[in-house]
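*Asks:* Below is a structure I'd like to ask you about.
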Number of protein chains: 2
Amino acid sequence: MAASTPVVESPKTRIMMGVNESSMKGYPHASISSKSAFEWTINKIIQSNTSGFKLLFLHVQTPDEDDLPINMHLNNLSLLPHGGRGRGRRAVEAWDSPKGVSGFDDVDSIYASPEDFRDANRRDKIKGAHLLEYFVKRSHEIGVACEAWVKKGDPKEVICHEVKRIQPDLLVVGNRGLGPFQRVFVGTVSEFCVKHCECPVVTIKRSANETPQDPVDD
Amino acid sequence: MAASTPVVESPKTRIMMGVNESSMKGYPHASISSKSAFEWTINKIIQSNTSGFKLLFLHVQTPDEDDLPINMHLNNLSLLPHGGRGRGRRAVEAWDSPKGVSGFDDVDSIYASPEDFRDANRRDKIKGAHLLEYFVKRSHEIGVACEAWVKKGDPKEVICHEVKRIQPDLLVVGNRGLGPFQRVFVGTVSEFCVKHCECPVVTIKRSANETPQDPVDD
């Protein structure tokens, strides 16, 4: 072959990473297991071969009743996710309870107009952007190409849907490494993805020394 | 830092690969799914970064009653794996049947002395070496460091045990990509490893165009 033959670069391996926020109060931003999954990918897979990979960060926000305008909330019960929990849920129960509106004692904020939805959406976007900023910043420092999205819905279903659409070479998801008993109550996105996503999936557990006091936290 | 500071190489990522033989008659050597898993690892993970990885090939041979001396077999039923199948099993059933020794009609070879065990072991070793030769040769061509072992036992249990002992950074196993109905009868080593191995595990399915007529074959 002539020496001038251009070097044909093989396509980058596209790794999708499902990332989520920490559930711990006062623990800001990315969850421990998301960070572990990211660091494992960088250290064990990408290493110094940064030009061979592209990272696709996907953060799926669950519609959270805490952020819904309470008035709209109470008038639009269909908006409640199945098994809704948290303050909003308790407010609904209180509204239906014999004690009437006393439930509002338990509510941090009251929203009353359609604009509040816009505000909630904006706040969600900011939260999502904040989370993704961590991973995008780290990727840029390391020198690996990346993209990041925020989507709304059920994380496990949205991740599998995006895998089908984008067809990454590998999906990496974090996992709290809970025992079967704890898993029953928490459910794990990673188990669902291993079973249903149409691409190779690897789940990365937190290391033992990073497990918080309550292992269900992350 | 001084320009003479030696470059500290980070340790190689150690990828264990569970590999097995093809179950198809006349299809020699490595199974389709083992080959798919190997090619995926080379093309998508290692790429040109061959010095950053070490491959550990593990082939687990199931004690196969076809290769056991029939006399010893019949006198040492504890040697039969649970749910033993194939010619040896049928011979045992025939021995116990009212028709007596007519079961021998169904047997290819009859062994009678302890030396036959040695021969069977030697034959197993040759089969295992032959399988591993494929992967070791390919790894050398590509320029990636590797090691290969043959072990005896239940593949899923031996793989998990070796993971615990060797602590690889990643375990890659092939998978026939069977539906749940077919899986019930075949069982899958990969599902067991995903659940029980103490390291990140990725399973690689055969591509659709490599699926043989009977998908249970591999």
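Convention: chains lettered A, B, ... in structure tokens order; per-chain residue numbering from 1; ligands numbered from 1 as shown.
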Using only C-alpha atoms and a cut-off of 9 Å, which residues of chain B sit close to chain A? Please list them as a PyMOL selection string.

*Replies:* chain B and resi 10+12-14+43-49+52-53+169-170+194+199-205

*Asks:* One decimal, Å: what's the distance from CA of Ser31 (chain A) over to CA of Lys151 (chain A), could you say?

*Replies:*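 Those two atoms sit 17.2 Å apart.
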
*Asks:* What's the 12 Å shell around region 128-145 of chain B, counting only C-alpha atoms, without same-chain residues fewer than 6 positions away, as a ChimeraX atom specification?

*Replies:* /B:12-15,17-22,28-31,34-39,41-43,46-62,121-122,151-152
